[in-house]
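The next block is structure.txt, given as compact mmCIF, C-alpha atoms.
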# COMPACT_ATOMS: atom_id res chain seq x y z
CA MET A 1 -27.40 -6.00 -8.08
CA ALA A 2 -25.26 -7.03 -5.14
CA ILE A 3 -25.46 -10.74 -4.42
CA ILE A 4 -24.92 -10.33 -0.68
CA THR A 5 -27.63 -8.70 1.45
CA LYS A 6 -27.99 -8.00 5.15
CA ASP A 7 -29.84 -11.29 5.46
CA THR A 8 -26.96 -13.36 4.07
CA PRO A 9 -25.79 -15.47 7.03
CA VAL A 10 -22.40 -15.36 8.69
CA GLY A 11 -20.40 -18.31 7.43
CA THR A 12 -21.49 -17.86 3.82
CA GLU A 13 -18.61 -18.43 1.41
CA LEU A 14 -18.07 -15.80 -1.27
CA PRO A 15 -17.78 -16.82 -4.94
CA VAL A 16 -14.34 -18.00 -6.02
CA PHE A 17 -12.32 -16.14 -8.66
CA ALA A 18 -8.99 -17.16 -10.13
CA ARG A 19 -6.38 -15.79 -12.44
CA ARG A 20 -3.49 -17.23 -14.45
CA LEU A 21 -0.52 -14.89 -14.03
CA ARG A 22 2.16 -14.55 -16.69
CA ASN A 23 5.49 -12.73 -16.73
CA GLU A 24 4.41 -10.50 -19.61
CA MET A 25 1.57 -9.07 -17.49
CA PHE A 26 4.25 -7.34 -15.47
CA ALA A 27 6.19 -5.84 -18.37
CA SER A 28 7.30 -2.28 -17.79
CA GLY A 29 8.59 -1.18 -21.17
CA ASP A 30 12.12 -2.50 -21.46
CA VAL A 31 12.79 -2.12 -17.75
CA LYS A 32 13.74 -5.31 -15.95
CA THR A 33 12.05 -5.43 -12.58
CA ILE A 34 11.59 -7.90 -9.73
CA HIS A 35 8.20 -8.58 -11.31
CA ASN A 36 9.36 -9.65 -14.76
CA ASP A 37 13.00 -10.68 -14.49
CA ASP A 38 14.50 -13.45 -12.38
CA ASP A 39 17.92 -11.78 -12.17
CA ALA A 40 16.43 -8.49 -10.96
CA ALA A 41 14.48 -10.43 -8.33
CA GLN A 42 17.52 -12.45 -7.23
CA ARG A 43 19.54 -9.27 -6.71
CA GLU A 44 16.88 -8.30 -4.15
CA GLY A 45 17.04 -11.67 -2.40
CA LEU A 46 14.01 -13.24 -4.04
CA PRO A 47 14.33 -16.67 -5.64
CA ARG A 48 12.59 -15.57 -8.84
CA ALA A 49 10.28 -12.94 -10.29
CA VAL A 50 7.25 -12.15 -8.15
CA ALA A 51 3.86 -10.83 -9.22
CA VAL A 52 2.89 -7.24 -8.44
CA GLY A 53 1.08 -7.48 -5.12
CA PRO A 54 -1.75 -5.05 -5.88
CA GLN A 55 -2.42 -6.77 -9.22
CA VAL A 56 -2.85 -10.07 -7.42
CA ALA A 57 -4.90 -8.45 -4.66
CA ALA A 58 -7.19 -7.12 -7.38
CA LEU A 59 -8.75 -10.58 -7.42
CA ILE A 60 -9.99 -9.86 -3.89
CA PHE A 61 -11.42 -6.53 -4.98
CA ARG A 62 -13.14 -8.19 -7.93
CA MET A 63 -14.77 -10.64 -5.55
CA MET A 64 -15.84 -7.86 -3.19
CA ARG A 65 -17.21 -5.68 -5.98
CA THR A 66 -19.14 -8.61 -7.40
CA CYS A 67 -20.66 -9.41 -4.00
CA PHE A 68 -21.34 -5.91 -2.71
CA GLU A 69 -21.34 -3.60 -5.77
CA GLU A 70 -21.95 0.02 -4.68
CA GLY A 71 -21.33 -0.82 -1.02
CA TRP A 72 -17.80 -1.74 -2.02
CA ILE A 73 -17.13 1.25 -4.25
CA ALA A 74 -18.06 3.68 -1.45
CA GLY A 75 -17.69 2.03 1.93
CA GLY A 76 -15.24 -0.78 1.22
CA LYS A 77 -12.49 -1.39 3.77
CA VAL A 78 -9.39 -3.55 3.35
CA ALA A 79 -6.62 -4.85 5.63
CA LEU A 80 -4.26 -7.22 3.82
CA THR A 81 -0.96 -8.90 4.67
CA PHE A 82 1.30 -10.12 1.89
CA ARG A 83 2.76 -13.05 3.81
CA ARG A 84 4.26 -15.02 0.90
CA PRO A 85 5.22 -14.05 -2.65
CA VAL A 86 3.00 -14.98 -5.54
CA TRP A 87 5.20 -15.88 -8.51
CA SER A 88 4.85 -13.94 -11.72
CA ASN A 89 3.80 -17.11 -13.55
CA ASP A 90 1.63 -18.45 -10.73
CA PHE A 91 -2.06 -19.35 -10.59
CA ALA A 92 -3.92 -17.32 -7.98
CA THR A 93 -7.30 -18.13 -6.44
CA VAL A 94 -9.26 -15.88 -4.11
CA ARG A 95 -11.64 -17.14 -1.45
CA GLY A 96 -13.65 -15.44 1.23
CA VAL A 97 -16.20 -16.03 3.94
CA ILE A 98 -18.54 -13.70 5.84
CA THR A 99 -17.48 -13.58 9.48
CA GLU A 100 -19.42 -10.74 11.06
CA LYS A 101 -22.18 -8.16 10.61
CA GLN A 102 -21.94 -4.69 12.13
CA ALA A 103 -24.65 -2.02 12.21
CA GLU A 104 -23.44 1.22 10.63
CA GLY A 105 -26.11 3.92 10.50
CA ASP A 106 -28.93 2.72 8.28
CA LYS A 107 -26.67 0.10 6.70
CA THR A 108 -24.93 -3.10 7.69
CA ARG A 109 -21.22 -3.66 7.34
CA MET A 110 -20.46 -7.21 6.24
CA VAL A 111 -17.00 -8.28 7.37
CA CYS A 112 -15.22 -11.04 5.50
CA ASP A 113 -12.05 -13.05 5.89
CA VAL A 114 -10.35 -13.14 2.50
CA TRP A 115 -7.27 -14.87 1.16
CA ILE A 116 -5.41 -15.64 -2.02
CA GLU A 117 -3.92 -19.04 -2.60
CA ARG A 118 -1.02 -19.81 -4.91
CA ALA A 119 -1.02 -22.85 -7.21
CA ASP A 120 0.73 -24.85 -4.47
CA GLY A 121 -2.12 -24.05 -2.04
CA GLU A 122 -0.06 -21.67 0.10
CA LYS A 123 -2.06 -18.72 1.43
CA ALA A 124 -0.02 -15.83 0.07
CA ILE A 125 -2.26 -12.84 0.83
CA VAL A 126 -4.57 -12.89 3.84
CA GLY A 127 -6.74 -10.35 5.58
CA THR A 128 -10.16 -8.89 6.03
CA CYS A 129 -12.41 -6.85 3.78
CA SER A 130 -15.77 -5.32 4.49
CA ALA A 131 -18.48 -3.50 2.60
CA LEU A 132 -21.86 -1.93 3.24
CA VAL A 133 -25.24 -3.36 2.35
CA PRO A 134 -28.60 -1.55 2.66
CA GLY A 135 -30.62 -1.97 5.85
CA ALA A 136 -29.65 -2.11 9.49
CA MET B 137 23.19 -18.18 -2.44
CA SER B 138 23.98 -18.70 1.24
CA GLU B 139 22.99 -16.01 3.71
CA ASP B 140 26.59 -15.06 4.49
CA THR B 141 27.33 -14.24 0.85
CA GLN B 142 24.23 -12.11 0.29
CA THR B 143 24.33 -8.36 -0.06
CA ARG B 144 21.61 -5.76 -0.05
CA VAL B 145 21.33 -3.48 -3.06
CA GLU B 146 23.01 -0.14 -2.48
CA PHE B 147 21.86 1.82 -5.52
CA ASP B 148 19.75 1.56 -8.65
CA GLU B 149 18.98 3.61 -11.74
CA HIS B 150 17.47 6.34 -9.57
CA GLY B 151 20.49 6.63 -7.30
CA LYS B 152 21.25 5.50 -3.79
CA ARG B 153 18.62 3.44 -2.00
CA THR B 154 17.24 4.98 1.14
CA THR B 155 18.63 3.37 4.28
CA TYR B 156 16.67 2.59 7.42
CA ASP B 157 18.47 5.31 9.35
CA GLU B 158 17.52 7.92 6.76
CA ILE B 159 13.79 7.36 7.17
CA GLU B 160 12.32 10.07 9.38
CA VAL B 161 9.26 9.02 11.37
CA GLY B 162 6.59 11.71 11.18
CA LYS B 163 7.99 13.21 7.99
CA ASP B 164 5.44 14.99 5.85
CA LEU B 165 5.56 13.51 2.35
CA GLY B 166 4.00 16.61 0.85
CA SER B 167 1.17 16.48 -1.63
CA LEU B 168 0.44 15.75 -5.26
CA GLU B 169 -2.49 16.54 -7.51
CA TRP B 170 -3.88 13.56 -9.34
CA VAL B 171 -6.48 13.55 -12.09
CA VAL B 172 -7.72 10.18 -13.27
CA GLY B 173 -7.95 10.02 -17.05
CA GLU B 174 -10.43 7.89 -18.95
CA GLU B 175 -7.48 5.94 -20.37
CA ASP B 176 -6.26 5.30 -16.81
CA ILE B 177 -9.55 3.58 -16.01
CA GLU B 178 -9.31 1.42 -19.12
CA LYS B 179 -5.76 0.47 -18.20
CA GLN B 180 -6.61 -0.32 -14.58
CA CYS B 181 -9.42 -2.62 -15.70
CA ALA B 182 -7.08 -4.31 -18.18
CA ILE B 183 -4.20 -4.93 -15.77
CA ASP B 184 -6.62 -6.27 -13.16
CA GLU B 185 -8.64 -8.20 -15.76
CA ASP B 186 -11.72 -6.79 -14.06
CA PHE B 187 -14.37 -5.13 -16.20
CA HIS B 188 -17.77 -3.79 -15.21
CA PRO B 189 -20.25 -1.50 -17.03
CA TRP B 190 -19.64 1.12 -14.32
CA PHE B 191 -16.02 1.41 -15.48
CA ALA B 192 -16.78 1.46 -19.22
CA LEU B 193 -17.30 4.70 -21.09
CA ASP B 194 -18.84 2.81 -24.00
CA VAL B 195 -22.00 1.88 -22.12
CA GLN B 196 -22.70 5.13 -20.24
CA GLY B 197 -26.22 6.28 -21.00
CA ASN B 198 -27.15 2.98 -22.56
CA ASP B 199 -30.42 2.08 -20.90
CA SER B 200 -30.01 -1.59 -21.73
CA GLN B 201 -27.03 -1.44 -19.37
CA GLY B 202 -29.07 -0.03 -16.52
CA GLU B 203 -26.34 -0.88 -14.05
CA SER B 204 -24.06 1.58 -15.83
CA ASN B 205 -26.09 4.57 -14.75
CA PHE B 206 -26.05 3.96 -11.02
CA TRP B 207 -23.26 6.51 -10.49
CA ASP B 208 -24.54 9.03 -13.05
CA GLY B 209 -21.43 8.57 -15.16
CA VAL B 210 -18.35 6.42 -15.43
CA ILE B 211 -16.30 5.69 -12.32
CA ALA B 212 -12.91 4.06 -11.72
CA PRO B 213 -12.22 0.78 -9.96
CA PRO B 214 -11.42 1.93 -6.41
CA GLN B 215 -8.01 0.24 -6.33
CA ILE B 216 -6.83 2.76 -8.90
CA HIS B 217 -5.81 4.79 -5.84
CA TYR B 218 -2.95 2.37 -5.12
CA ARG B 219 -0.29 4.20 -7.11
CA PRO B 220 -0.49 7.93 -6.15
CA PRO B 221 0.50 7.37 -2.50
CA ARG B 222 3.42 5.25 -3.74
CA TRP B 223 4.48 8.07 -6.06
CA LEU B 224 4.33 10.43 -3.11
CA LEU B 225 6.60 8.16 -1.05
CA SER B 226 9.00 7.80 -3.96
CA ARG B 227 9.39 11.55 -4.31
CA THR B 228 11.08 11.55 -0.91
CA TYR B 229 12.59 8.09 -0.50
CA ASN B 230 14.08 5.54 -2.89
CA ILE B 231 12.63 2.39 -1.39
CA ARG B 232 12.32 -0.79 -3.47
CA GLY B 233 11.69 -3.58 -0.99
CA VAL B 234 8.46 -5.51 -1.07
CA PHE B 235 4.94 -4.69 -0.01
CA TYR B 236 4.01 -6.24 3.36
CA LYS B 237 0.70 -4.73 4.47
CA TRP B 238 -1.97 -2.71 2.69
CA ASP B 239 -4.96 -1.17 4.42
CA PHE B 240 -7.36 1.22 2.73
CA GLU B 241 -10.87 2.56 2.78
CA ASN B 242 -12.95 3.58 -0.24
CA LEU B 243 -15.04 6.55 0.81
CA LYS B 244 -16.26 8.02 -2.48
CA ALA B 245 -16.34 6.85 -6.07
CA ILE B 246 -13.43 8.14 -8.17
CA ARG B 247 -14.49 9.83 -11.41
CA PRO B 248 -12.46 10.71 -14.51
CA GLY B 249 -11.42 14.34 -14.74
CA GLU B 250 -11.79 14.88 -11.02
CA LYS B 251 -8.78 16.43 -9.26
CA ILE B 252 -7.74 14.61 -6.12
CA VAL B 253 -5.09 15.98 -3.77
CA VAL B 254 -3.07 13.22 -2.14
CA THR B 255 -1.10 13.87 1.05
CA GLY B 256 0.89 11.56 3.27
CA ARG B 257 3.40 11.10 6.07
CA ILE B 258 5.74 8.51 7.49
CA LEU B 259 4.10 6.71 10.40
CA ASP B 260 6.73 4.42 11.86
CA LYS B 261 9.75 2.23 11.31
CA TRP B 262 10.89 -0.91 13.13
CA ILE B 263 13.09 -3.98 12.94
CA ASP B 264 11.69 -7.48 13.16
CA ARG B 265 13.56 -10.73 12.58
CA ASP B 266 16.51 -8.77 11.19
CA ARG B 267 14.37 -7.05 8.56
CA GLU B 268 13.72 -3.33 8.36
CA PHE B 269 10.13 -2.15 8.05
CA MET B 270 8.54 1.24 7.51
CA SER B 271 4.94 2.39 7.39
CA TYR B 272 3.25 5.43 5.91
CA GLU B 273 -0.25 6.77 5.53
CA ALA B 274 -1.91 8.80 2.82
CA GLU B 275 -5.30 10.19 1.96
CA GLY B 276 -6.92 11.64 -1.11
CA ARG B 277 -9.43 14.49 -1.07
CA ASP B 278 -11.52 15.88 -3.90
CA GLU B 279 -11.94 19.55 -4.74
CA ALA B 280 -14.83 19.85 -2.28
CA GLY B 281 -12.44 18.71 0.44
CA ASP B 282 -14.21 15.38 0.88
CA MET B 283 -12.02 12.39 1.61
CA VAL B 284 -12.12 9.95 -1.30
CA PHE B 285 -9.79 7.31 0.11
CA ARG B 286 -7.30 6.74 2.89
CA THR B 287 -4.59 4.14 3.16
CA THR B 288 -1.85 2.80 5.42
CA ARG B 289 0.97 0.67 4.06
CA VAL B 290 3.96 -1.26 5.33
CA HIS B 291 7.04 -2.03 3.26
CA VAL B 292 10.01 -4.18 4.15
CA LEU B 293 13.09 -2.37 2.89
CA ASP B 294 14.92 -5.53 1.87
CA VAL B 295 14.05 -9.20 1.70
CA ILE B 296 17.64 -9.89 2.72
CA LYS B 297 18.53 -9.54 6.41
CA ARG B 298 19.85 -6.19 7.61
CA THR B 299 23.05 -7.88 8.74
CA ALA B 300 24.05 -8.21 5.06
CA PRO B 301 26.17 -5.34 3.73
CA ARG B 302 24.85 -2.85 1.19
CA GLU B 303 26.79 -2.90 -2.05
CA GLY B 304 26.23 -3.12 -5.77
CA ALA B 305 23.45 -2.21 -8.12
CA GLY B 306 19.90 -3.41 -8.38
CA ARG B 307 18.13 -3.59 -11.69
CA ASP B 308 14.80 -2.46 -10.31
CA SER B 309 13.81 0.64 -8.39
CA GLY B 310 10.84 1.56 -6.28
CA ILE B 311 10.68 4.83 -8.19
CA LYS B 312 8.39 4.44 -11.16
CA GLN B 313 6.90 6.70 -13.79
CA GLU B 314 3.95 8.56 -12.33
CA LYS B 315 1.30 6.97 -14.49
CA ILE B 316 -1.25 4.21 -14.08
Once more with this new file: its structure as structure tokens, please.
Amino acid sequence: MAIITKDTPVGTELPVFARRLRNEMFASGDVKTIHNDDDAAQREGLPRAVAVGPQVAALIFRMMRTCFEEGWIAGGKVALTFRRPVWSNDFATVRGVITEKQAEGDKTRMVCDVWIERADGEKAIVGTCSALVPGA
Amino acid sequence: MSEDTQTRVEFDEHGKRTTYDEIEVGKDLGSLEWVVGEEDIEKQCAIDEDFHPWFALDVQGNDSQGESNFWDGVIAPPQIHYRPPRWLLSRTYNIRGVFYKWDFENLKAIRPGEKIVVTGRILDKWIDRDREFMSYEAEGRDEAGDMVFRTTRVHVLDVIKRTAPREGAGRDSGIKQEKI
């Protein structure tokens, strides 16, 4: 059962999820990539290996699915900016807060600010996500 | 490395990198047929470390896992639709770069064995703070013609400024095997 309903007030913080990233999560057979090899990353102008953006963003989707369940699976919307790299051995934490409610047919769209913080506290991925909940 | 000694990668294992000038705004990226396998769902859950009874074949039909039956069968985590549009882009352009923006909408649940046709086109390209950006859009439709997802993405072609020359080989490529 979704933990957010149409009656959940704007300003409510979403549950926090976190993930320890490790280089080996980004292995791609024997291929050295910017995600698992510092030299490959440095050739592209990055200081060291960076995590795969969508794999880090998956923390956001986990949070949204947990909060909204079926209203995320069919009805979820995402707009993300990858403003800083997350390192391939970083610790990532996702946070979110409900900012708005919009009527959408017989449902309510719950709009949330979401962001992922690196271990150093830097907001690396920021944006908005929304999902549908029953009732207008 | 100081900025004046940096170079942008010119080629990788898949050949010459696409340059900014070669990107054609409005270009149709064609289409690809994509069928999600049960093993793809397992893998997506594993790489995202995100498991739910809805995504698990093992618990389908198990009444003690009532949540599992909501969709009348197993479904995939929606973000499994990340890769096919990227494959589509990579069939036309060899762009490594880094991901800058990702918008998408989940319109229908994705089910194993279902054929989804993914189409896309180049939306725009621009230069900002000496970096080259490009955007593209894609959508996936099921066999009934219903839209399952749509997405818009922005890539920066190089982290290094466009004033740096292109030369030498990169280890990585934006072109990957077409598998989850």
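The shell of residues at most 7 Å from Val171 (chain B), with only C-alpha atoms counted and near chain neighbours (fewer than 2 positions) removed, consists of Glu169, Gly173, Gly249, Glu250, Lys251 and Ile252 of chain B.
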* **Answer as a VMD selection string, residues within 8 Å of (7.5, 4.3, 11.7) using only C-alpha atoms** => chain B and resid 160 to 162 258 to 262 269 to 272
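Using only C-alpha atoms, the smallest distance between any of A:Ala27, A:Val78, A:Val16, A:Ala49 and chain B comes from A:Val78.
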For a cut-off of 12 Å around (-4.8, -0.7, -15.8), file coordinates, pick out all residues using all atoms listed in the file and list them as a PDB file with C-alpha atoms, keeping the file's coordinate frame.
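See result18.pdb below for the written result:
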ATOM      1  CA  MET A  25       1.570  -9.070 -17.490  1.00  0.00           C
ATOM      2  CA  PHE A  26       4.250  -7.340 -15.470  1.00  0.00           C
ATOM      3  CA  PRO A  54      -1.750  -5.050  -5.880  1.00  0.00           C
ATOM      4  CA  GLN A  55      -2.420  -6.770  -9.220  1.00  0.00           C
ATOM      5  CA  ALA A  58      -7.190  -7.120  -7.380  1.00  0.00           C
TER       6      ALA A  58
ATOM      7  CA  VAL B 172      -7.720  10.180 -13.270  1.00  0.00           C
ATOM      8  CA  GLY B 173      -7.950  10.020 -17.050  1.00  0.00           C
ATOM      9  CA  GLU B 174     -10.430   7.890 -18.950  1.00  0.00           C
ATOM     10  CA  GLU B 175      -7.480   5.940 -20.370  1.00  0.00           C
ATOM     11  CA  ASP B 176      -6.260   5.300 -16.810  1.00  0.00           C
ATOM     12  CA  ILE B 177      -9.550   3.580 -16.010  1.00  0.00           C
ATOM     13  CA  GLU B 178      -9.310   1.420 -19.120  1.00  0.00           C
ATOM     14  CA  LYS B 179      -5.760   0.470 -18.200  1.00  0.00           C
ATOM     15  CA  GLN B 180      -6.610  -0.320 -14.580  1.00  0.00           C
ATOM     16  CA  CYS B 181      -9.420  -2.620 -15.700  1.00  0.00           C
ATOM     17  CA  ALA B 182      -7.080  -4.310 -18.180  1.00  0.00           C
ATOM     18  CA  ILE B 183      -4.200  -4.930 -15.770  1.00  0.00           C
ATOM     19  CA  ASP B 184      -6.620  -6.270 -13.160  1.00  0.00           C
ATOM     20  CA  GLU B 185      -8.640  -8.200 -15.760  1.00  0.00           C
ATOM     21  CA  ASP B 186     -11.720  -6.790 -14.060  1.00  0.00           C
ATOM     22  CA  PHE B 187     -14.370  -5.130 -16.200  1.00  0.00           C
ATOM     23  CA  PHE B 191     -16.020   1.410 -15.480  1.00  0.00           C
ATOM     24  CA  ALA B 212     -12.910   4.060 -11.720  1.00  0.00           C
ATOM     25  CA  PRO B 213     -12.220   0.780  -9.960  1.00  0.00           C
ATOM     26  CA  PRO B 214     -11.420   1.930  -6.410  1.00  0.00           C
ATOM     27  CA  GLN B 215      -8.010   0.240  -6.330  1.00  0.00           C
ATOM     28  CA  ILE B 216      -6.830   2.760  -8.900  1.00  0.00           C
ATOM     29  CA  HIS B 217      -5.810   4.790  -5.840  1.00  0.00           C
ATOM     30  CA  TYR B 218      -2.950   2.370  -5.120  1.00  0.00           C
ATOM     31  CA  ARG B 219      -0.290   4.200  -7.110  1.00  0.00           C
ATOM     32  CA  LYS B 315       1.300   6.970 -14.490  1.00  0.00           C
ATOM     33  CA  ILE B 316      -1.250   4.210 -14.080  1.00  0.00           C
TER      34      ILE B 316
END
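Comparing the minimum interatomic distances between chain A and each of B:Arg302, B:Lys237, B:Arg257, B:His188, counting all atoms listed in the file, we find that B:Lys237 sits nearest.
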* **Straight-line distance linking CA of Trp72 (chain A) with CA of Arg19 (chain A), stated in Å to one decimal** => 20.9 Å
* For Pro301 (chain B): contacts at 8 Å, only C-alpha atoms, fewer than 4 positions along chain excluded, given as an MDAnalysis selection string -> chainID B and resid 142:144
Generate the output file for the selected residues, C-alpha atoms, as a PDB file, in the coordinates of the input.
ATOM      1  CA  GLN B 142      24.230 -12.110   0.290  1.00  0.00           C
ATOM      2  CA  THR B 143      24.330  -8.360  -0.060  1.00  0.00           C
ATOM      3  CA  ARG B 144      21.610  -5.760  -0.050  1.00  0.00           C
TER       4      ARG B 144
END
Dump as JSON lines the rows for residues of chain B within 6 Å of chain A: closest atom pair and distance in Å with one decimal, only C-alpha atoms counted, ordered by chain and rising residue number.
{"residue": "B:Asp184", "atom": "CA", "partner": "A:Gln55", "partner_atom": "CA", "distance": 5.8}
{"residue": "B:Tyr236", "atom": "CA", "partner": "A:Phe82", "partner_atom": "CA", "distance": 5.0}
{"residue": "B:Lys237", "atom": "CA", "partner": "A:Thr81", "partner_atom": "CA", "distance": 4.5}
{"residue": "B:Trp238", "atom": "CA", "partner": "A:Leu80", "partner_atom": "CA", "distance": 5.2}
{"residue": "B:Asp239", "atom": "CA", "partner": "A:Ala79", "partner_atom": "CA", "distance": 4.2}
{"residue": "B:Phe240", "atom": "CA", "partner": "A:Val78", "partner_atom": "CA", "distance": 5.2}
{"residue": "B:Glu241", "atom": "CA", "partner": "A:Lys77", "partner_atom": "CA", "distance": 4.4}
{"residue": "B:Asn242", "atom": "CA", "partner": "A:Gly76", "partner_atom": "CA", "distance": 5.1}
{"residue": "B:Leu243", "atom": "CA", "partner": "A:Ala74", "partner_atom": "CA", "distance": 4.7}
{"residue": "B:Lys244", "atom": "CA", "partner": "A:Ala74", "partner_atom": "CA", "distance": 4.8}
{"residue": "B:Ala245", "atom": "CA", "partner": "A:Ala74", "partner_atom": "CA", "distance": 5.9}
{"residue": "B:Val295", "atom": "CA", "partner": "A:Gly45", "partner_atom": "CA", "distance": 5.6}
{"residue": "B:Ile296", "atom": "CA", "partner": "A:Gly45", "partner_atom": "CA", "distance": 5.5}
{"residue": "B:Arg307", "atom": "CA", "partner": "A:Ala40", "partner_atom": "CA", "distance": 5.2}
{"residue": "B:Asp308", "atom": "CA", "partner": "A:Thr33", "partner_atom": "CA", "distance": 4.6}
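Of the listed residues B:Trp170, B:Ser226, B:Pro221, B:Ala305, the one whose atoms come nearest to Glu149 (chain B) is B:Ala305, with distances taken using all atoms listed in the file.
Among the candidates A:Thr8, A:Arg48, A:Trp115, A:Asn89, the residue lying nearest to Leu21 (chain A) is A:Asn89 (atoms considered: all atoms listed in the file).
From CA of Val254 (chain B) back to CA of Pro220 (chain B), the distance works out to 7.1 Å.
The coordinates place CA of Gln313 (chain B) at 21.7 Å from CA of Phe285 (chain B).
Minimum atom-to-atom distances from B:Ile263, B:Gly304, B:Asp282, B:Ser309 to Asp157 (chain B) were compared using only C-alpha atoms, and the lowest value belongs to B:Ile263.
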Taking all atoms of region 40-47 of chain A that the file lists and extending 3 Å past them on each side, where is the centre of the axis-aligned box and how long are its edges? Answer in Å to one decimal, as JSON.
{"center_x": 16.8, "center_y": -12.5, "center_z": -6.7, "size_x": 11.5, "size_y": 14.4, "size_z": 14.6}
Add whatever atoms are absent from region 224-235 of chain B to reach N, CA, C and O atoms, and provide the output as a PDB file, keeping the file's coordinate frame.
ATOM      1  N   LEU B 224       4.019   9.429  -4.133  1.00  0.00           N
ATOM      2  CA  LEU B 224       4.330  10.430  -3.110  1.00  0.00           C
ATOM      3  C   LEU B 224       5.522   9.961  -2.260  1.00  0.00           C
ATOM      4  O   LEU B 224       6.451  10.728  -1.998  1.00  0.00           O
ATOM      5  N   LEU B 225       5.487   8.713  -1.840  1.00  0.00           N
ATOM      6  CA  LEU B 225       6.600   8.160  -1.050  1.00  0.00           C
ATOM      7  C   LEU B 225       7.892   8.225  -1.858  1.00  0.00           C
ATOM      8  O   LEU B 225       8.946   8.597  -1.338  1.00  0.00           O
ATOM      9  N   SER B 226       7.797   7.879  -3.139  1.00  0.00           N
ATOM     10  CA  SER B 226       9.000   7.800  -3.960  1.00  0.00           C
ATOM     11  C   SER B 226       9.595   9.162  -4.292  1.00  0.00           C
ATOM     12  O   SER B 226      10.739   9.247  -4.719  1.00  0.00           O
ATOM     13  N   ARG B 227       8.826  10.217  -4.115  1.00  0.00           N
ATOM     14  CA  ARG B 227       9.390  11.550  -4.310  1.00  0.00           C
ATOM     15  C   ARG B 227      10.361  11.917  -3.197  1.00  0.00           C
ATOM     16  O   ARG B 227      11.190  12.805  -3.358  1.00  0.00           O
ATOM     17  N   THR B 228      10.217  11.256  -2.060  1.00  0.00           N
ATOM     18  CA  THR B 228      11.080  11.550  -0.910  1.00  0.00           C
ATOM     19  C   THR B 228      12.110  10.456  -0.659  1.00  0.00           C
ATOM     20  O   THR B 228      13.252  10.743  -0.327  1.00  0.00           O
ATOM     21  N   TYR B 229      11.704   9.206  -0.834  1.00  0.00           N
ATOM     22  CA  TYR B 229      12.590   8.090  -0.500  1.00  0.00           C
ATOM     23  C   TYR B 229      12.678   7.095  -1.657  1.00  0.00           C
ATOM     24  O   TYR B 229      11.663   6.778  -2.284  1.00  0.00           O
ATOM     25  N   ASN B 230      13.889   6.586  -1.880  1.00  0.00           N
ATOM     26  CA  ASN B 230      14.080   5.540  -2.890  1.00  0.00           C
ATOM     27  C   ASN B 230      14.049   4.183  -2.200  1.00  0.00           C
ATOM     28  O   ASN B 230      15.071   3.660  -1.774  1.00  0.00           O
ATOM     29  N   ILE B 231      12.838   3.672  -2.061  1.00  0.00           N
ATOM     30  CA  ILE B 231      12.630   2.390  -1.390  1.00  0.00           C
ATOM     31  C   ILE B 231      12.111   1.388  -2.409  1.00  0.00           C
ATOM     32  O   ILE B 231      11.083   1.625  -3.052  1.00  0.00           O
ATOM     33  N   ARG B 232      12.818   0.287  -2.594  1.00  0.00           N
ATOM     34  CA  ARG B 232      12.320  -0.790  -3.470  1.00  0.00           C
ATOM     35  C   ARG B 232      11.561  -1.777  -2.580  1.00  0.00           C
ATOM     36  O   ARG B 232      10.384  -1.726  -2.449  1.00  0.00           O
ATOM     37  N   GLY B 233      12.296  -2.661  -1.938  1.00  0.00           N
ATOM     38  CA  GLY B 233      11.690  -3.580  -0.990  1.00  0.00           C
ATOM     39  C   GLY B 233      10.511  -4.346  -1.550  1.00  0.00           C
ATOM     40  O   GLY B 233      10.352  -4.475  -2.771  1.00  0.00           O
ATOM     41  N   VAL B 234       9.707  -4.864  -0.666  1.00  0.00           N
ATOM     42  CA  VAL B 234       8.460  -5.510  -1.070  1.00  0.00           C
ATOM     43  C   VAL B 234       7.340  -5.043  -0.149  1.00  0.00           C
ATOM     44  O   VAL B 234       7.562  -4.655   0.997  1.00  0.00           O
ATOM     45  N   PHE B 235       6.149  -5.103  -0.699  1.00  0.00           N
ATOM     46  CA  PHE B 235       4.940  -4.690  -0.010  1.00  0.00           C
ATOM     47  C   PHE B 235       4.631  -5.737   1.076  1.00  0.00           C
ATOM     48  O   PHE B 235       4.658  -6.932   0.815  1.00  0.00           O
TER      49      PHE B 235
END
